[in-house]
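Text of data-v1.cif, listed as mmCIF, C-alpha atoms:
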```cif
data_run
loop_
_atom_site.label_atom_id
_atom_site.label_comp_id
_atom_site.auth_asym_id
_atom_site.auth_seq_id
_atom_site.Cartn_x
_atom_site.Cartn_y
_atom_site.Cartn_z
CA MET A 1 260.21 181.76 -184.14
CA PHE A 2 258.01 182.43 -187.12
CA LEU A 3 258.24 180.11 -190.10
CA ASN A 4 257.93 183.15 -192.35
CA GLN A 5 261.15 184.75 -191.19
CA PHE A 6 263.07 181.85 -192.72
CA LEU A 7 260.92 181.74 -195.84
CA LEU A 8 261.22 185.49 -196.47
CA PHE A 9 264.99 185.33 -195.90
CA SER A 10 265.22 182.56 -198.47
CA ALA A 11 262.98 184.46 -200.91
CA LEU A 12 265.28 187.51 -200.63
CA LEU A 13 268.37 185.35 -201.17
CA PHE A 14 266.66 183.75 -204.20
CA CYS A 15 265.81 187.12 -205.75
CA ILE A 16 269.33 188.46 -205.21
CA GLY A 17 270.59 185.33 -206.99
CA VAL A 18 268.14 185.89 -209.87
CA TYR A 19 269.37 189.50 -210.17
CA GLY A 20 272.95 188.22 -210.31
CA VAL A 21 272.17 185.65 -213.02
CA LEU A 22 270.36 188.27 -215.13
CA THR A 23 272.89 191.10 -214.87
CA ARG A 24 276.33 189.47 -214.71
CA LYS A 25 278.31 188.98 -217.91
CA ASN A 26 281.19 186.96 -216.46
CA GLY A 27 280.43 183.21 -216.68
CA VAL A 28 281.97 182.35 -213.31
CA LEU A 29 279.91 185.08 -211.61
CA VAL A 30 276.74 183.64 -213.18
CA LEU A 31 277.63 180.24 -211.69
CA MET A 32 278.15 181.87 -208.26
CA SER A 33 274.71 183.48 -208.47
CA ILE A 34 273.20 180.07 -209.29
CA GLU A 35 274.79 178.75 -206.09
CA LEU A 36 272.99 181.56 -204.23
CA ILE A 37 269.65 180.41 -205.71
CA LEU A 38 270.26 176.76 -204.79
CA ASN A 39 271.15 177.78 -201.22
CA ALA A 40 267.89 179.71 -200.92
CA VAL A 41 266.00 176.56 -201.89
CA ASN A 42 267.93 174.57 -199.28
CA VAL A 43 267.00 177.02 -196.52
CA ASN A 44 263.35 176.50 -197.49
CA MET A 45 263.73 172.71 -197.35
CA VAL A 46 265.35 172.73 -193.90
CA ALA A 47 262.87 175.30 -192.54
CA PHE A 48 259.88 173.19 -193.60
CA GLY A 49 261.61 170.12 -192.18
CA ALA A 50 261.83 171.85 -188.79
CA PHE A 51 258.28 173.18 -189.12
CA ASN A 52 256.73 169.77 -189.80
CA ASP A 53 259.19 167.97 -187.48
CA ASP A 54 260.08 165.74 -190.42
CA ILE A 55 263.56 164.57 -191.41
CA SER A 56 262.76 164.57 -195.15
CA GLY A 57 263.45 168.29 -195.52
CA GLN A 58 267.03 167.89 -194.39
CA VAL A 59 267.53 164.76 -196.52
CA PHE A 60 266.39 166.57 -199.65
CA ALA A 61 268.59 169.55 -198.76
CA LEU A 62 271.53 167.12 -198.77
CA PHE A 63 270.47 165.78 -202.18
CA ILE A 64 270.30 169.35 -203.51
CA ILE A 65 273.82 170.02 -202.18
CA ALA A 66 275.05 166.96 -204.13
CA VAL A 67 273.27 168.11 -207.30
CA ALA A 68 274.75 171.61 -206.85
CA ALA A 69 278.24 170.11 -206.61
CA ALA A 70 277.68 168.20 -209.86
CA GLU A 71 276.22 171.30 -211.51
CA VAL A 72 279.11 173.56 -210.61
CA GLY A 73 281.64 170.95 -211.78
CA VAL A 74 280.09 170.59 -215.23
CA GLY A 75 279.32 174.32 -215.43
CA LEU A 76 282.92 175.30 -214.75
CA ALA A 77 284.13 172.78 -217.34
CA ILE A 78 281.83 174.43 -219.91
CA VAL A 79 283.00 177.92 -218.92
CA LEU A 80 286.63 176.81 -219.29
CA LEU A 81 285.86 175.39 -222.74
CA ILE A 82 284.22 178.66 -223.79
CA TYR A 83 287.27 180.55 -222.50
CA ARG A 84 289.64 178.26 -224.42
CA ASN A 85 287.74 178.68 -227.69
CA ARG A 86 286.94 182.39 -227.51
CA ARG A 87 289.48 183.90 -225.08
CA SER A 88 286.56 185.43 -223.17
CA ILE A 89 283.92 184.22 -220.73
CA ASP A 90 281.46 186.99 -221.50
CA VAL A 91 278.15 185.11 -221.66
CA SER A 92 276.54 187.86 -223.78
CA GLU A 93 279.09 187.14 -226.52
CA ALA A 94 278.17 183.43 -226.63
CA ASP A 95 275.25 184.01 -229.03
CA LEU A 96 275.84 181.39 -231.74
CA LEU A 97 272.29 180.10 -231.29
CA GLN A 98 270.81 183.53 -232.05
CA GLY A 99 269.35 183.52 -235.56
CA MET B 1 278.26 166.22 -183.76
CA SER B 2 275.41 165.79 -181.34
CA GLY B 3 276.68 168.66 -179.22
CA ILE B 4 276.14 171.50 -181.66
CA LEU B 5 272.77 172.49 -180.26
CA VAL B 6 273.45 171.89 -176.59
CA LEU B 7 271.05 174.73 -175.79
CA ALA B 8 268.14 172.93 -177.39
CA GLN B 9 269.03 169.47 -176.13
CA GLU B 10 269.27 170.24 -172.42
CA THR B 11 265.60 171.00 -172.17
CA THR B 12 262.95 169.28 -174.27
CA SER B 13 261.26 172.60 -174.98
CA LEU B 14 262.86 176.00 -175.36
CA THR B 15 262.10 178.67 -172.78
CA SER B 16 261.03 182.04 -174.08
CA THR B 17 264.40 183.61 -173.19
CA GLU B 18 266.25 180.98 -175.20
CA GLU B 19 263.83 181.48 -178.05
CA TRP B 20 264.58 185.23 -177.95
CA VAL B 21 268.33 184.66 -177.96
CA ILE B 22 268.11 182.28 -180.93
CA ASN B 23 265.80 184.72 -182.71
CA GLY B 24 268.28 187.58 -182.27
CA PHE B 25 271.07 185.33 -183.52
CA PHE B 26 268.96 184.53 -186.59
CA TYR B 27 268.42 188.20 -187.46
CA VAL B 28 272.14 189.01 -187.12
CA VAL B 29 273.15 186.05 -189.33
CA ALA B 30 270.41 186.80 -191.88
CA LEU B 31 271.47 190.45 -192.11
CA VAL B 32 275.11 189.46 -192.65
CA ALA B 33 274.08 186.95 -195.35
CA LEU B 34 271.85 189.40 -197.22
CA VAL B 35 274.40 192.25 -197.15
CA ALA B 36 277.12 189.87 -198.39
CA ALA B 37 274.78 188.54 -201.12
CA VAL B 38 273.98 192.05 -202.35
CA ARG B 39 277.68 192.95 -202.36
CA MET B 40 278.38 189.71 -204.24
CA VAL B 41 276.10 190.58 -207.15
CA THR B 42 277.21 194.24 -207.29
CA THR B 43 280.96 194.18 -206.65
CA SER B 44 283.28 194.88 -209.58
CA ASN B 45 286.00 192.45 -208.45
CA VAL B 46 285.59 188.76 -209.29
CA VAL B 47 287.72 187.51 -206.39
CA HIS B 48 285.82 189.72 -203.93
CA ALA B 49 282.57 188.25 -205.27
CA ALA B 50 283.87 184.75 -204.50
CA LEU B 51 284.81 185.79 -200.96
CA TYR B 52 281.39 187.42 -200.39
CA LEU B 53 279.81 184.15 -201.56
CA LEU B 54 281.89 182.42 -198.87
CA VAL B 55 280.28 184.67 -196.23
CA VAL B 56 276.79 183.88 -197.54
CA LEU B 57 277.44 180.11 -197.54
CA ALA B 58 278.83 180.18 -193.98
CA SER B 59 275.81 182.21 -192.79
CA VAL B 60 273.45 179.70 -194.37
CA ALA B 61 275.29 176.94 -192.46
CA ALA B 62 274.66 178.94 -189.25
CA ILE B 63 270.95 179.12 -190.15
CA TYR B 64 270.87 175.32 -190.51
CA VAL B 65 272.28 175.10 -186.98
CA ILE B 66 269.54 177.46 -185.76
CA LEU B 67 266.96 175.16 -187.37
CA GLY B 68 268.52 172.11 -185.69
CA ALA B 69 269.74 170.50 -188.92
CA GLU B 70 273.27 169.70 -187.80
CA PHE B 71 274.23 167.27 -190.56
CA ALA B 72 273.09 169.69 -193.27
CA ALA B 73 275.17 172.42 -191.58
CA ALA B 74 278.28 170.21 -191.50
CA THR B 75 277.76 169.19 -195.14
CA GLN B 76 277.25 172.83 -196.13
CA VAL B 77 280.61 173.74 -194.62
CA LEU B 78 282.40 170.70 -196.09
CA VAL B 79 280.93 170.75 -199.60
CA TYR B 80 280.17 174.42 -200.26
CA VAL B 81 282.73 176.31 -198.20
CA GLY B 82 285.37 173.62 -198.76
CA ALA B 83 284.97 172.13 -202.21
CA ILE B 84 282.75 174.38 -204.33
CA MET B 85 284.53 177.58 -203.27
CA VAL B 86 287.91 176.11 -204.22
CA LEU B 87 286.42 175.03 -207.56
CA LEU B 88 285.03 178.53 -208.21
CA LEU B 89 288.33 180.20 -207.25
CA PHE B 90 290.11 177.82 -209.65
CA GLY B 91 287.61 178.86 -212.31
CA VAL B 92 288.40 182.53 -211.63
CA MET B 93 292.12 181.75 -211.85
CA LEU B 94 292.00 179.62 -215.01
CA THR B 95 289.91 182.18 -216.90
CA ARG B 96 292.53 184.80 -216.03
CA ALA B 97 290.33 187.31 -214.33
CA LYS B 98 292.00 190.64 -213.74
CA ILE B 99 293.45 191.25 -210.28
CA GLY B 100 291.55 194.27 -208.99
CA ALA B 101 288.40 195.97 -210.17
CA GLU B 102 286.87 195.40 -213.60
CA ASP B 103 284.30 197.78 -215.01
CA ASP B 104 282.81 195.36 -217.55
CA LEU B 105 281.14 192.70 -215.40
CA ASP B 106 277.49 193.80 -215.75
CA HIS B 107 275.10 194.29 -218.63
CA GLU B 108 274.09 197.84 -219.46
CA GLN B 109 270.40 196.99 -218.90
CA ARG B 110 270.93 196.34 -215.20
CA TRP B 111 267.56 197.84 -214.28
CA ILE B 112 265.66 195.09 -216.13
CA GLY B 113 267.29 192.51 -213.87
CA ALA B 114 266.51 194.63 -210.83
CA LEU B 115 262.89 194.99 -211.98
CA VAL B 116 262.49 191.22 -212.49
CA ALA B 117 264.08 190.42 -209.11
CA THR B 118 261.99 193.01 -207.26
CA SER B 119 258.69 191.92 -208.79
CA LEU B 120 259.57 188.27 -208.17
CA PHE B 121 260.20 189.09 -204.52
CA ALA B 122 256.96 191.06 -204.29
CA VAL B 123 254.95 188.09 -205.59
CA MET B 124 256.77 185.60 -203.34
CA ALA B 125 256.53 187.78 -200.23
CA TYR B 126 252.82 188.39 -200.80
CA SER B 127 252.01 184.69 -201.22
CA LEU B 128 254.20 183.67 -198.26
CA VAL B 129 252.55 186.19 -195.96
CA GLU B 130 249.15 185.07 -197.22
CA ALA B 131 249.90 181.37 -196.74
CA PHE B 132 251.95 181.20 -193.52
CA ASP B 133 250.80 184.42 -191.87
CA ASP B 134 251.98 183.96 -188.27
CA GLN B 135 252.63 180.25 -188.00
CA THR B 136 255.55 179.48 -185.73
CA LEU B 137 258.04 176.66 -185.55
CA PRO B 138 257.07 174.16 -182.82
CA VAL B 139 258.61 175.21 -179.51
CA ASP B 140 259.39 171.60 -178.58
CA ARG B 141 261.19 170.87 -181.84
CA GLN B 142 264.08 168.45 -181.56
CA VAL B 143 267.51 168.49 -183.14
CA GLN B 144 267.31 166.37 -186.27
CA GLY B 145 270.44 164.36 -185.68
CA THR B 146 272.87 162.64 -188.01
CA GLN B 147 271.59 159.20 -187.04
CA GLN B 148 268.04 160.03 -188.11
CA VAL B 149 269.32 161.43 -191.42
CA ALA B 150 271.31 158.24 -192.06
CA ASP B 151 268.32 156.04 -191.17
CA SER B 152 266.11 158.02 -193.53
CA ILE B 153 268.58 158.07 -196.44
CA PHE B 154 269.32 154.35 -196.29
CA SER B 155 265.72 153.21 -195.90
CA THR B 156 263.06 155.56 -197.29
CA TYR B 157 265.25 157.45 -199.75
CA ILE B 158 267.61 154.69 -200.91
CA VAL B 159 266.55 155.02 -204.58
CA PRO B 160 267.13 158.81 -204.82
CA PHE B 161 270.41 158.26 -203.00
CA GLU B 162 271.59 155.76 -205.63
CA ALA B 163 270.38 158.11 -208.37
CA ILE B 164 272.46 160.93 -206.83
CA SER B 165 275.57 158.75 -206.77
CA LEU B 166 275.07 157.89 -210.45
CA LEU B 167 274.54 161.59 -211.22
CA LEU B 168 277.78 162.51 -209.46
CA LEU B 169 279.66 159.84 -211.43
CA ALA B 170 278.17 161.09 -214.70
CA ALA B 171 279.02 164.70 -213.82
CA LEU B 172 282.58 163.70 -212.93
CA ILE B 173 283.14 161.90 -216.25
CA GLY B 174 281.33 164.67 -218.14
CA ALA B 175 283.46 167.41 -216.61
CA VAL B 176 286.68 165.53 -217.42
CA VAL B 177 285.59 164.88 -221.00
CA VAL B 178 284.45 168.47 -221.59
CA ALA B 179 287.50 170.15 -220.06
CA ARG B 180 290.11 167.77 -221.48
CA ARG B 181 292.64 169.25 -223.91
CA ASP B 182 292.98 166.98 -226.94
#
```
Written form, C-alpha coordinates:
Amino acid sequence: MFLNQFLLFSALLFCIGVYGVLTRKNGVLVLMSIELILNAVNVNMVAFGAFNDDISGQVFALFIIAVAAAEVGVGLAIVLLIYRNRRSIDVSEADLLQG
Amino acid sequence: MSGILVLAQETTSLTSTEEWVINGFFYVVALVALVAAVRMVTTSNVVHAALYLLVVLASVAAIYVILGAEFAAATQVLVYVGAIMVLLLFGVMLTRAKIGAEDDLDHEQRWIGALVATSLFAVMAYSLVEAFDDQTLPVDRQVQGTQQVADSIFSTYIVPFEAISLLLLAALIGAVVVARRD
(Lines of atoms letter the chains of each structure in order from A and count residues from 1; the text may use other names and numbers.)
(Lines give C-alpha, C1' and ligand atoms only; values in the text may rest on other atoms or scores of the structure.)
Protein backbone atom coordinates (compact mmCIF):
# COMPACT_ATOMS: atom_id res chain seq x y z
CA MET A 1 0.00 0.00 0.00
CA PHE A 2 1.24 3.45 -0.85
CA LEU A 3 1.80 5.92 1.96
CA ASN A 4 0.34 8.62 -0.25
CA GLN A 5 -3.10 7.05 -0.46
CA PHE A 6 -3.53 7.66 3.26
CA LEU A 7 -1.98 11.12 3.14
CA LEU A 8 -4.13 12.23 0.19
CA PHE A 9 -7.25 10.84 1.88
CA SER A 10 -6.42 12.84 4.99
CA ALA A 11 -5.69 15.98 2.93
CA LEU A 12 -9.12 15.67 1.27
CA LEU A 13 -10.82 15.19 4.64
CA PHE A 14 -8.93 18.24 5.98
CA CYS A 15 -10.00 20.44 3.07
CA ILE A 16 -13.64 19.36 3.37
CA GLY A 17 -13.42 20.31 7.05
CA VAL A 18 -11.92 23.71 6.16
CA TYR A 19 -14.76 24.28 3.67
CA GLY A 20 -17.26 23.45 6.42
CA VAL A 21 -15.66 25.83 8.93
CA LEU A 22 -15.62 28.66 6.36
CA THR A 23 -19.15 28.29 4.99
CA ARG A 24 -21.32 27.14 7.90
CA LYS A 25 -23.17 29.72 9.98
CA ASN A 26 -24.52 27.38 12.66
CA GLY A 27 -22.07 27.18 15.61
CA VAL A 28 -22.60 23.46 16.23
CA LEU A 29 -21.93 22.69 12.55
CA VAL A 30 -18.67 24.68 12.74
CA LEU A 31 -17.62 22.52 15.72
CA MET A 32 -18.46 19.36 13.72
CA SER A 33 -16.27 20.55 10.85
CA ILE A 34 -13.41 21.15 13.30
CA GLU A 35 -13.78 17.51 14.38
CA LEU A 36 -13.35 16.54 10.72
CA ILE A 37 -10.08 18.53 10.56
CA LEU A 38 -8.73 16.94 13.75
CA ASN A 39 -9.57 13.47 12.42
CA ALA A 40 -7.65 14.18 9.22
CA VAL A 41 -4.60 15.05 11.32
CA ASN A 42 -5.00 11.80 13.28
CA VAL A 43 -5.05 9.72 10.09
CA ASN A 44 -1.75 11.37 9.14
CA MET A 45 -0.22 10.56 12.53
CA VAL A 46 -1.23 6.89 12.42
CA ALA A 47 -0.17 6.51 8.77
CA PHE A 48 3.32 7.87 9.50
CA GLY A 49 3.48 5.65 12.58
CA ALA A 50 2.85 2.60 10.38
CA PHE A 51 5.24 3.90 7.71
CA ASN A 52 8.16 4.36 10.12
CA ASP A 53 7.17 1.30 12.22
CA ASP A 54 7.13 3.61 15.24
CA ILE A 55 4.57 3.62 18.05
CA SER A 56 4.82 7.40 18.58
CA GLY A 57 2.37 8.18 15.78
CA GLN A 58 -0.40 6.25 17.46
CA VAL A 59 0.43 7.71 20.88
CA PHE A 60 0.17 11.25 19.57
CA ALA A 61 -3.08 10.38 17.78
CA LEU A 62 -4.45 9.37 21.18
CA PHE A 63 -3.28 12.68 22.67
CA ILE A 64 -5.02 14.55 19.85
CA ILE A 65 -8.24 12.61 20.53
CA ALA A 66 -8.06 13.74 24.18
CA VAL A 67 -7.44 17.37 23.16
CA ALA A 68 -10.37 17.15 20.70
CA ALA A 69 -12.65 15.93 23.50
CA ALA A 70 -11.62 18.88 25.67
CA GLU A 71 -12.04 21.27 22.74
CA VAL A 72 -15.54 20.13 21.87
CA GLY A 73 -16.60 20.29 25.53
CA VAL A 74 -15.49 23.91 25.97
CA GLY A 75 -16.66 24.84 22.46
CA LEU A 76 -20.18 23.56 23.07
CA ALA A 77 -20.31 25.40 26.41
CA ILE A 78 -19.41 28.63 24.57
CA VAL A 79 -22.01 27.96 21.85
CA LEU A 80 -24.66 27.35 24.53
CA LEU A 81 -23.71 30.63 26.23
CA ILE A 82 -24.00 32.50 22.92
CA TYR A 83 -27.40 30.89 22.36
CA ARG A 84 -28.58 31.86 25.85
CA ASN A 85 -27.52 35.49 25.42
CA ARG A 86 -28.60 36.07 21.82
CA ARG A 87 -31.25 33.41 21.08
CA SER A 88 -29.23 32.44 18.00
CA ILE A 89 -26.06 30.48 17.27
CA ASP A 90 -25.37 32.18 13.97
CA VAL A 91 -21.61 32.77 14.13
CA SER A 92 -21.80 35.58 11.56
CA GLU A 93 -23.98 37.56 13.98
CA ALA A 94 -21.40 37.29 16.78
CA ASP A 95 -19.44 40.33 15.55
CA LEU A 96 -19.00 42.41 18.72
CA LEU A 97 -15.24 42.55 18.13
CA GLN A 98 -15.71 44.14 14.70
CA GLY A 99 -14.86 47.84 14.89
CA MET B 1 -8.07 -6.70 21.39
CA SER B 2 -5.11 -8.48 19.90
CA GLY B 3 -7.34 -10.36 17.49
CA ILE B 4 -8.54 -7.45 15.38
CA LEU B 5 -5.94 -7.91 12.69
CA VAL B 6 -5.80 -11.69 12.62
CA LEU B 7 -5.00 -11.50 8.92
CA ALA B 8 -1.79 -9.59 9.55
CA GLN B 9 -0.74 -11.54 12.62
CA GLU B 10 -0.88 -15.05 11.18
CA THR B 11 1.96 -14.37 8.82
CA THR B 12 4.84 -12.04 9.62
CA SER B 13 4.62 -10.47 6.17
CA LEU B 14 1.54 -9.93 4.05
CA THR B 15 1.21 -11.84 0.78
CA SER B 16 0.35 -9.83 -2.29
CA THR B 17 -3.23 -11.18 -2.34
CA GLU B 18 -3.79 -10.05 1.24
CA GLU B 19 -2.28 -6.70 0.41
CA TRP B 20 -4.73 -6.38 -2.51
CA VAL B 21 -7.71 -7.27 -0.34
CA ILE B 22 -6.71 -4.73 2.33
CA ASN B 23 -6.11 -2.14 -0.39
CA GLY B 24 -9.59 -2.66 -1.84
CA PHE B 25 -11.06 -2.42 1.64
CA PHE B 26 -9.21 0.89 2.12
CA TYR B 27 -10.62 2.40 -1.07
CA VAL B 28 -14.20 1.39 -0.18
CA VAL B 29 -13.90 2.85 3.34
CA ALA B 30 -12.19 6.02 2.09
CA LEU B 31 -14.91 6.57 -0.53
CA VAL B 32 -17.65 6.15 2.09
CA ALA B 33 -15.86 8.58 4.43
CA LEU B 34 -15.33 11.25 1.77
CA VAL B 35 -18.92 11.07 0.45
CA ALA B 36 -20.26 11.30 4.01
CA ALA B 37 -17.91 14.23 4.76
CA VAL B 38 -19.07 16.14 1.67
CA ARG B 39 -22.71 15.48 2.56
CA MET B 40 -21.98 16.64 6.11
CA VAL B 41 -20.77 20.08 5.03
CA THR B 42 -23.52 20.53 2.41
CA THR B 43 -26.66 19.09 3.99
CA SER B 44 -29.36 21.51 5.14
CA ASN B 45 -30.41 19.46 8.18
CA VAL B 46 -28.36 19.79 11.37
CA VAL B 47 -29.26 16.33 12.71
CA HIS B 48 -28.39 14.72 9.36
CA ALA B 49 -25.02 16.49 9.49
CA ALA B 50 -24.36 14.93 12.91
CA LEU B 51 -25.26 11.48 11.59
CA TYR B 52 -23.02 11.92 8.51
CA LEU B 53 -20.20 12.89 10.90
CA LEU B 54 -20.85 9.58 12.67
CA VAL B 55 -20.23 7.73 9.38
CA VAL B 56 -16.98 9.63 8.82
CA LEU B 57 -15.72 8.90 12.35
CA ALA B 58 -16.53 5.19 12.06
CA SER B 59 -14.76 5.01 8.68
CA VAL B 60 -11.68 6.66 10.16
CA ALA B 61 -11.72 3.99 12.90
CA ALA B 62 -11.76 1.35 10.13
CA ILE B 63 -8.73 3.04 8.53
CA TYR B 64 -6.87 2.83 11.85
CA VAL B 65 -7.57 -0.92 11.82
CA ILE B 66 -6.19 -1.14 8.27
CA LEU B 67 -3.04 0.62 9.48
CA GLY B 68 -2.71 -1.81 12.41
CA ALA B 69 -3.38 0.79 15.11
CA GLU B 70 -5.91 -1.18 17.11
CA PHE B 71 -5.89 0.90 20.30
CA ALA B 72 -6.40 4.12 18.35
CA ALA B 73 -9.32 2.47 16.53
CA ALA B 74 -10.94 1.38 19.81
CA THR B 75 -10.43 4.84 21.33
CA GLN B 76 -11.86 6.46 18.20
CA VAL B 77 -15.04 4.41 18.56
CA LEU B 78 -15.29 4.98 22.34
CA VAL B 79 -14.46 8.69 22.47
CA TYR B 80 -15.65 10.06 19.13
CA VAL B 81 -18.54 7.80 18.16
CA GLY B 82 -19.59 7.35 21.79
CA ALA B 83 -18.93 10.53 23.72
CA ILE B 84 -18.35 13.41 21.29
CA MET B 85 -21.32 12.49 19.08
CA VAL B 86 -23.65 12.44 22.09
CA LEU B 87 -22.23 15.82 23.15
CA LEU B 88 -22.80 17.29 19.67
CA LEU B 89 -26.35 15.91 19.48
CA PHE B 90 -27.03 17.46 22.90
CA GLY B 91 -25.68 20.73 21.53
CA VAL B 92 -28.06 20.47 18.56
CA MET B 93 -30.93 19.75 20.95
CA LEU B 94 -30.17 22.49 23.49
CA THR B 95 -29.82 25.17 20.80
CA ARG B 96 -33.26 24.16 19.51
CA ALA B 97 -32.36 23.39 15.95
CA LYS B 98 -35.36 22.97 13.69
CA ILE B 99 -36.50 19.42 12.99
CA GLY B 100 -36.17 19.06 9.23
CA ALA B 101 -34.39 21.14 6.63
CA GLU B 102 -33.20 24.69 7.26
CA ASP B 103 -32.28 26.98 4.40
CA ASP B 104 -30.12 29.38 6.42
CA LEU B 105 -27.14 27.26 7.44
CA ASP B 106 -24.55 28.55 4.95
CA HIS B 107 -23.05 31.93 4.14
CA GLU B 108 -23.99 33.50 0.83
CA GLN B 109 -20.32 33.63 -0.22
CA ARG B 110 -20.02 29.85 -0.32
CA TRP B 111 -17.72 29.93 -3.34
CA ILE B 112 -14.96 31.70 -1.38
CA GLY B 113 -14.85 28.77 1.04
CA ALA B 114 -14.85 26.33 -1.87
CA LEU B 115 -12.01 28.29 -3.52
CA VAL B 116 -9.91 28.28 -0.34
CA ALA B 117 -10.50 24.56 0.25
CA THR B 118 -9.72 23.63 -3.36
CA SER B 119 -6.51 25.65 -3.53
CA LEU B 120 -5.43 24.30 -0.14
CA PHE B 121 -5.95 20.78 -1.44
CA ALA B 122 -4.06 21.56 -4.64
CA VAL B 123 -1.03 22.79 -2.67
CA MET B 124 -1.15 19.84 -0.25
CA ALA B 125 -1.62 17.23 -2.98
CA TYR B 126 1.23 18.69 -5.04
CA SER B 127 3.67 18.70 -2.11
CA LEU B 128 2.62 15.21 -0.96
CA VAL B 129 3.10 13.74 -4.42
CA GLU B 130 6.44 15.53 -4.68
CA ALA B 131 7.64 14.32 -1.27
CA PHE B 132 6.33 10.75 -0.98
CA ASP B 133 5.96 9.91 -4.66
CA ASP B 134 5.59 6.11 -4.59
CA GLN B 135 6.85 5.14 -1.17
CA THR B 136 4.97 2.19 0.25
CA LEU B 137 4.19 1.05 3.76
CA PRO B 138 6.57 -1.76 4.82
CA VAL B 139 5.11 -5.13 3.82
CA ASP B 140 6.29 -6.75 7.05
CA ARG B 141 4.71 -4.11 9.27
CA GLN B 142 3.40 -5.39 12.58
CA VAL B 143 0.22 -4.60 14.46
CA GLN B 144 1.05 -1.87 16.95
CA GLY B 145 -0.62 -3.43 19.94
CA THR B 146 -2.17 -1.98 23.07
CA GLN B 147 0.72 -3.17 25.22
CA GLN B 148 3.28 -1.24 23.17
CA VAL B 149 1.09 1.89 23.34
CA ALA B 150 0.83 1.58 27.13
CA ASP B 151 4.60 1.03 27.47
CA SER B 152 5.28 4.10 25.34
CA ILE B 153 2.77 6.38 27.10
CA PHE B 154 3.94 5.49 30.60
CA SER B 155 7.67 5.73 29.88
CA THR B 156 8.67 8.01 26.99
CA TYR B 157 5.56 10.19 26.94
CA ILE B 158 4.72 10.37 30.64
CA VAL B 159 5.04 14.19 30.76
CA PRO B 160 2.68 14.88 27.81
CA PHE B 161 0.31 12.32 29.33
CA GLU B 162 0.18 14.22 32.64
CA ALA B 163 -0.23 17.49 30.72
CA ILE B 164 -3.21 15.98 28.86
CA SER B 165 -4.85 14.91 32.12
CA LEU B 166 -4.43 18.43 33.52
CA LEU B 167 -5.85 19.86 30.28
CA LEU B 168 -8.90 17.60 30.52
CA LEU B 169 -9.47 18.68 34.13
CA ALA B 170 -9.17 22.34 33.17
CA ALA B 171 -11.55 21.87 30.23
CA LEU B 172 -14.05 20.08 32.48
CA ILE B 173 -14.06 22.88 35.07
CA GLY B 174 -14.05 25.53 32.33
CA ALA B 175 -17.04 24.01 30.55
CA VAL B 176 -19.02 23.80 33.81
CA VAL B 177 -18.18 27.39 34.74
CA VAL B 178 -19.00 28.76 31.28
CA ALA B 179 -22.28 26.88 30.83
CA ARG B 180 -23.56 27.32 34.39
CA ARG B 181 -26.76 29.33 34.84
CA ASP B 182 -26.31 31.82 37.67
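Once Ala94 (chain A) and its same-chain neighbours fewer than 3 positions away are set aside, Lys25, Asn26, Gly27, Ile78, Val79, Leu81, Ile82, Tyr83, Asn85, Arg86, Arg87, Ser88, Ile89, Asp90, Val91, Leu97 and Gln98 of chain A remain within 12 Å of it when counting only C-alpha atoms.
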Residues in the PyMOL selection byres ((chain B) within 6 of (chain A)), expressed as a list in words: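 Selected by the PyMOL selection byres ((chain B) within 6 of (chain A)) here: Val41, Leu105, Asp106, His107, Arg110, Gly113, Ala114, Ala117, Gln135, Thr136, Leu137, Leu168, Ala171, Ala175 and Ala179 of chain B.
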To one decimal place, how far is CA of Leu96 (chain A) from CA of Phe90 (chain B) in Å?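 Atom-to-atom, CA of Leu96 (chain A) and CA of Phe90 (chain B) are spaced 26.5 Å apart.
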Given the file shown, determine the residues that the PyMOL selection byres ((chain B and resi 57) around 9) selects; report them as a PyMOL selection string. (chain A and resi 36+39) or (chain B and resi 33+52-56+58-62+76-77+80-81)
Can you work out the spacing between CA of Val129 (chain B) and CA of Met45 (chain A) in Å, to one decimal? 17.6 Å
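Rounded to one decimal, CA of Glu130 (chain B) and CA of Asn44 (chain A) lie 16.6 Å from each other.
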Around region 79-96 of chain A, fit a box with edges along x, y and z, padding it by 8 Å on each side, then list its centre and edge lengths in Å to one decimal as AutoDock Vina command-line options.
```
--center_x 282.4 --center_y 181.6 --center_z -225.3 --size_x 30.4 --size_y 28.5 --size_z 28.8
```
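Comparing B:Ala150, B:Leu14, B:Val176, B:Val21 by their smallest distance to Phe71 (chain B), the closest is B:Ala150 (using only C-alpha atoms).
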Nearest to Ile34 (chain A) by atom-to-atom distance, counting all atoms listed in the file, from B:Leu88, B:Ala36, B:Val139, B:Ile63: B:Leu88
